[in-house]
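Following: one structure in C-alpha cells, then a few remarks.
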Amino acid sequence: MTGTLMADPLIRLRDVTKVYGSGATQFQALKGVDLDIKAGDFVAVMGPSGSGKSTTMNILGCLDVPSAGEFLFRGHHIERLDRDQRALLRRRYLGFVFQGFNLLSRTSALENVELPLLYRGDDKRARREAAMGALEKVGLDRWWDHTPAELSGGQQQRVAIARAIVTSPDVLLADEPTGNLDSERSVEIMELLTDLNRTNGITVLMVTHEPDMAAFARTVVHFKDGLVERIEARHRQGQAVEA
C-alpha cells in the first residue's frame, strides 16, 4: 500500500472540462484535460493565447473549479470542496508568484513576506522568523527593511517568491514570473526557482511564453485548443524527449 501511495502523482487531472457562459455565448475553455504532476517536478506550461493553459493553472491553484472531471491533490478530490475548503488548501499547500510582483508599495520587504502568515494567524515573532528565513533563501535578508520602490525589478520578484514560499508550500505556481524582467534578471529568477525546486523539494508549476525560460523545467506541457497537445520530459536543460 505504501509503495502504491508513493507512486501516485501529487496532482492528477482526469477529463477536466471548463465551460464559461451559456447558450450562444458559451465557450469551452478546456475540453477534457488529462495531466499527472509528480511531487518535486518542475513543470513549464506553454501554449498560445486561448489554449487553456491559464484556465488549467487557475484550477490547479484552486482559484477556479472544473465544470466536469476529476482534480485530485494528494489523492483527495478537490472538485468536491467548497469555497472555504479550497481557500484553506491554498493557504496551507500552495504559493503564488505573479508577473506583476503584487507587493504592497508602502511596506518593507519583510512585511510583504509576512502577509500570508498574518492571514494565517501566526504570532508576530513566528512571522518575523519565518519571513527572515524566506528572504535569506532568496538572497535578500540584508534588504529586509527596503520598500519595493527601493528595490530593482529582480529584487521585487525575489521578495514575491519569498512571500510565496514563507508558508512552506508543497506547490509553487508561477504565472509568467519573468515577464516584467530583462534577460539577465530573468535567468537569475529561473535559477532561483530551480534551486528552490531542487534544494527544498517544492513542486514548481510555471506558465511561460518563453522557450528559454521553459528550458529550465524538467517537464514541459504544451496546450492547444483546450487540450494537452504533448508533454516533453527534459533530462537536462535544453534536451527534451516527447512523453
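Residues are named by chain letter and number: chains run A, B, ... in the order of the C-alpha cells, numbers start at 1 in each chain, and ligands are numbered from 1 in the order shown.
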*Run DSSP on the backbone and grab whatever in range 78-213 of chain A lands in alpha helix (DSSP H); send it over as a ChimeraX atom specification.*
/A:83-93,109-120,124-137,153-165,183-200,211-213
*Using the chain letters and numbers from this document, which residues of range 39-112 of chain A does DSSP assign to strand (DSSP E), as a ChimeraX atom specification?*
/A:42-46,68-73,76-77,94-98
_Near-Lys38 in chain A list (12 Å; only C-alpha atoms; drop same-chain fewer than 6 positions) as a VMD selection string_ = chain A and resid 5 to 13 73 to 74 170 to 171 201 to 205 218 to 219
Next, the residues of the selection above should be written as a compact mmCIF listing (two decimals), in the first residue's frame with all heavy atoms.
# COMPACT_ATOMS: atom_id res chain seq x y z
N LEU A 5 1.02 4.35 -2.78
CA LEU A 5 0.78 5.76 -2.48
C LEU A 5 1.96 6.60 -2.90
O LEU A 5 1.80 7.70 -3.41
CB LEU A 5 0.51 5.93 -0.98
CG LEU A 5 -0.82 5.36 -0.47
CD1 LEU A 5 -0.88 5.48 1.05
CD2 LEU A 5 -2.01 6.08 -1.09
N MET A 6 3.18 6.11 -2.67
CA MET A 6 4.36 6.85 -3.04
C MET A 6 4.43 7.07 -4.54
O MET A 6 4.97 8.06 -5.01
CB MET A 6 5.62 6.10 -2.57
CG MET A 6 5.78 6.10 -1.06
SD MET A 6 6.20 7.72 -0.40
CE MET A 6 7.90 7.87 -0.97
N ALA A 7 3.90 6.11 -5.32
CA ALA A 7 3.96 6.18 -6.77
C ALA A 7 2.88 7.09 -7.34
O ALA A 7 2.98 7.51 -8.50
CB ALA A 7 3.84 4.78 -7.37
N ASP A 8 1.85 7.40 -6.57
CA ASP A 8 0.77 8.24 -7.06
C ASP A 8 1.26 9.66 -7.30
O ASP A 8 2.09 10.18 -6.55
CB ASP A 8 -0.38 8.27 -6.05
CG ASP A 8 -1.17 6.98 -6.04
OD1 ASP A 8 -1.02 6.20 -6.99
OD2 ASP A 8 -1.92 6.75 -5.07
N PRO A 9 0.75 10.32 -8.34
CA PRO A 9 1.15 11.71 -8.59
C PRO A 9 0.63 12.64 -7.50
O PRO A 9 -0.40 12.36 -6.86
CB PRO A 9 0.52 12.02 -9.95
CG PRO A 9 -0.64 11.09 -10.06
CD PRO A 9 -0.21 9.83 -9.34
N LEU A 10 1.31 13.75 -7.30
CA LEU A 10 0.84 14.76 -6.35
C LEU A 10 -0.47 15.36 -6.84
O LEU A 10 -1.40 15.60 -6.07
CB LEU A 10 1.91 15.85 -6.20
CG LEU A 10 1.54 17.04 -5.32
CD1 LEU A 10 1.41 16.60 -3.86
CD2 LEU A 10 2.60 18.14 -5.46
N ILE A 11 -0.52 15.61 -8.16
CA ILE A 11 -1.69 16.22 -8.79
C ILE A 11 -2.13 15.36 -9.96
O ILE A 11 -1.29 14.89 -10.74
CB ILE A 11 -1.37 17.65 -9.29
CG1 ILE A 11 -1.09 18.58 -8.10
CG2 ILE A 11 -2.49 18.20 -10.17
CD1 ILE A 11 -0.52 19.92 -8.50
N ARG A 12 -3.42 15.15 -10.08
CA ARG A 12 -3.96 14.38 -11.20
C ARG A 12 -5.23 15.04 -11.71
O ARG A 12 -6.16 15.30 -10.95
CB ARG A 12 -4.24 12.94 -10.78
CG ARG A 12 -5.02 12.11 -11.82
CD ARG A 12 -4.99 10.63 -11.49
NE ARG A 12 -3.69 10.07 -11.82
CZ ARG A 12 -3.32 8.81 -11.51
NH1 ARG A 12 -4.14 8.03 -10.82
NH2 ARG A 12 -2.13 8.38 -11.87
N LEU A 13 -5.25 15.33 -13.00
CA LEU A 13 -6.46 15.80 -13.69
C LEU A 13 -6.93 14.70 -14.61
O LEU A 13 -6.15 14.12 -15.36
CB LEU A 13 -6.17 17.06 -14.51
CG LEU A 13 -5.65 18.29 -13.76
CD1 LEU A 13 -5.47 19.45 -14.75
CD2 LEU A 13 -6.57 18.70 -12.63
N PHE A 73 -5.65 16.11 -5.55
CA PHE A 73 -4.42 16.62 -4.93
C PHE A 73 -4.14 15.75 -3.73
O PHE A 73 -4.97 15.67 -2.82
CB PHE A 73 -4.59 18.08 -4.52
CG PHE A 73 -3.37 18.69 -3.89
CD1 PHE A 73 -2.36 19.21 -4.68
CD2 PHE A 73 -3.22 18.73 -2.50
CE1 PHE A 73 -1.23 19.78 -4.10
CE2 PHE A 73 -2.10 19.29 -1.92
CZ PHE A 73 -1.09 19.82 -2.73
N ARG A 74 -2.99 15.06 -3.77
CA ARG A 74 -2.65 14.10 -2.72
C ARG A 74 -3.75 13.06 -2.55
O ARG A 74 -4.04 12.59 -1.46
CB ARG A 74 -2.42 14.81 -1.38
CG ARG A 74 -1.15 15.62 -1.29
CD ARG A 74 -1.00 16.23 0.08
NE ARG A 74 0.37 16.59 0.36
CZ ARG A 74 0.80 16.98 1.57
NH1 ARG A 74 -0.04 17.02 2.58
NH2 ARG A 74 2.05 17.33 1.76
N ASP A 170 3.69 23.03 -0.68
CA ASP A 170 4.06 21.87 -1.50
C ASP A 170 4.26 22.28 -2.95
O ASP A 170 5.09 21.69 -3.65
CB ASP A 170 2.96 20.80 -1.43
CG ASP A 170 2.92 20.07 -0.12
OD1 ASP A 170 3.83 20.30 0.72
OD2 ASP A 170 2.00 19.26 0.09
N VAL A 171 3.46 23.26 -3.40
CA VAL A 171 3.46 23.64 -4.82
C VAL A 171 3.60 25.15 -4.94
O VAL A 171 2.93 25.91 -4.24
CB VAL A 171 2.14 23.20 -5.51
CG1 VAL A 171 2.16 23.58 -6.99
CG2 VAL A 171 1.94 21.69 -5.36
N GLY A 201 12.65 20.88 -2.52
CA GLY A 201 11.67 19.89 -2.97
C GLY A 201 10.32 20.46 -3.32
O GLY A 201 9.33 19.73 -3.39
N ILE A 202 10.25 21.79 -3.54
CA ILE A 202 8.98 22.42 -3.90
C ILE A 202 8.63 22.08 -5.35
O ILE A 202 9.46 22.23 -6.25
CB ILE A 202 9.06 23.95 -3.73
CG1 ILE A 202 9.34 24.31 -2.27
CG2 ILE A 202 7.77 24.61 -4.19
CD1 ILE A 202 9.56 25.79 -2.06
N THR A 203 7.43 21.60 -5.57
CA THR A 203 6.95 21.36 -6.93
C THR A 203 6.63 22.71 -7.56
O THR A 203 5.88 23.50 -7.00
CB THR A 203 5.69 20.48 -6.91
OG1 THR A 203 6.00 19.26 -6.22
CG2 THR A 203 5.21 20.17 -8.32
N VAL A 204 7.20 22.98 -8.73
CA VAL A 204 7.02 24.27 -9.40
C VAL A 204 6.18 24.07 -10.66
O VAL A 204 6.50 23.23 -11.51
CB VAL A 204 8.37 24.92 -9.77
CG1 VAL A 204 8.14 26.24 -10.51
CG2 VAL A 204 9.21 25.15 -8.52
N LEU A 205 5.10 24.85 -10.78
CA LEU A 205 4.27 24.88 -11.98
C LEU A 205 4.33 26.31 -12.52
O LEU A 205 3.90 27.24 -11.86
CB LEU A 205 2.82 24.51 -11.66
CG LEU A 205 2.58 23.20 -10.91
CD1 LEU A 205 1.08 23.00 -10.68
CD2 LEU A 205 3.17 22.04 -11.67
N ARG A 218 11.91 20.58 -15.93
CA ARG A 218 12.15 19.17 -16.25
C ARG A 218 11.03 18.58 -17.10
O ARG A 218 11.22 17.58 -17.79
CB ARG A 218 12.32 18.35 -14.97
CG ARG A 218 13.63 18.59 -14.26
CD ARG A 218 13.97 17.45 -13.32
NE ARG A 218 13.02 17.32 -12.25
CZ ARG A 218 13.12 17.99 -11.09
NH1 ARG A 218 14.10 18.83 -10.90
NH2 ARG A 218 12.24 17.81 -10.14
N THR A 219 9.85 19.20 -17.03
CA THR A 219 8.71 18.75 -17.82
C THR A 219 8.07 19.98 -18.46
O THR A 219 7.87 20.99 -17.80
CB THR A 219 7.66 18.04 -16.95
OG1 THR A 219 8.28 16.95 -16.26
CG2 THR A 219 6.51 17.52 -17.78
_Polymer residues at most 10 Å from Pro211 in chain A, only C-alpha atoms, same-chain spacing of 5 or more positions, as a PyMOL selection string_ = chain A and resi 44+46+216+220+238
*Excluding Leu94 in chain A and residues on its chain fewer than 5 positions from it, collect all residues at most 8 Å away from it, counting only C-alpha atoms, and give them as a list in words.*
Gly61, Leu89, Ala164, Pro169, Asp170, Val171, Leu172 and Leu173 of chain A
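Taking CA of Gly153 in chain A and CA of Leu63 in chain A as endpoints, the distance between them is 26.2 Å.
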Mind dumping a table of every range 45-138 of chain A residue within 7 Å of range 176-199 of chain A, with the nearest atom pair and its distance in Å to one decimal, using only C-alpha atoms, sorted by chain and rising number, as CSV?
residue,atom,partner,partner_atom,distance
A:Val97,CA,A:Pro177,CA,6.4
A:Phe98,CA,A:Pro177,CA,5.7
A:Gln99,CA,A:Pro177,CA,4.7
A:Gly100,CA,A:Asn180,CA,7.0
Include N, CA, C and O atoms and write out the residues we just selected as a compact mmCIF listing (two decimals), in the first residue's frame.
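So the final result, stored in result_4.txt, reads:
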# COMPACT_ATOMS: atom_id res chain seq x y z
N VAL A 97 3.28 33.14 -7.41
CA VAL A 97 4.16 34.20 -7.90
C VAL A 97 3.56 34.73 -9.19
O VAL A 97 3.22 33.94 -10.09
N PHE A 98 3.44 36.07 -9.29
CA PHE A 98 2.80 36.67 -10.45
C PHE A 98 3.77 37.54 -11.24
O PHE A 98 4.81 37.97 -10.73
N GLN A 99 3.42 37.79 -12.47
CA GLN A 99 4.26 38.61 -13.35
C GLN A 99 4.45 40.01 -12.76
O GLN A 99 5.53 40.60 -12.86
N GLY A 100 3.40 40.57 -12.16
CA GLY A 100 3.43 41.95 -11.70
C GLY A 100 3.89 42.14 -10.26
O GLY A 100 3.69 43.22 -9.70
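Going from CA of Ala131 in chain A to CA of Val43 in chain A covers 26.0 Å.
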_Selection: 8 Å around range 102-119 of chain A, only C-alpha atoms, excl. self and same-chain fewer than 4 positions, as number ranges by chain_ = A: 91, 98, 123, 127-128, 130-132, 134-135, 143-149, 156, 159-160, 162-164, 166-167
For Gly69 in chain A: contacts at 12 Å, only C-alpha atoms, fewer than 4 positions along chain excluded, given as a short mmCIF file (atom, residue, chain, number, x, y, z; two decimals) with C-alpha atoms, in the first residue's frame:
data_model
loop_
_atom_site.label_atom_id
_atom_site.label_comp_id
_atom_site.auth_asym_id
_atom_site.auth_seq_id
_atom_site.Cartn_x
_atom_site.Cartn_y
_atom_site.Cartn_z
CA ARG A 12 -3.96 14.38 -11.20
CA LEU A 13 -6.46 15.80 -13.69
CA ARG A 14 -8.82 13.42 -15.44
CA ASP A 15 -11.13 14.50 -18.28
CA VAL A 16 -11.31 18.03 -16.86
CA THR A 17 -13.56 20.42 -18.77
CA LYS A 18 -14.34 24.08 -18.17
CA VAL A 19 -17.26 25.90 -19.74
CA LEU A 30 -11.00 23.02 -21.52
CA LYS A 31 -12.17 20.01 -23.48
CA GLY A 32 -11.06 17.03 -21.42
CA VAL A 33 -7.62 17.61 -19.93
CA ASP A 34 -5.65 14.65 -18.54
CA LEU A 35 -2.47 15.53 -16.64
CA ILE A 59 -7.96 25.22 -11.45
CA VAL A 65 -13.28 24.78 -10.37
CA HIS A 77 -10.99 15.14 -4.82
CA ILE A 78 -10.58 18.91 -4.90
CA GLU A 79 -13.53 19.41 -7.27
CA ARG A 80 -15.79 18.34 -4.39
#
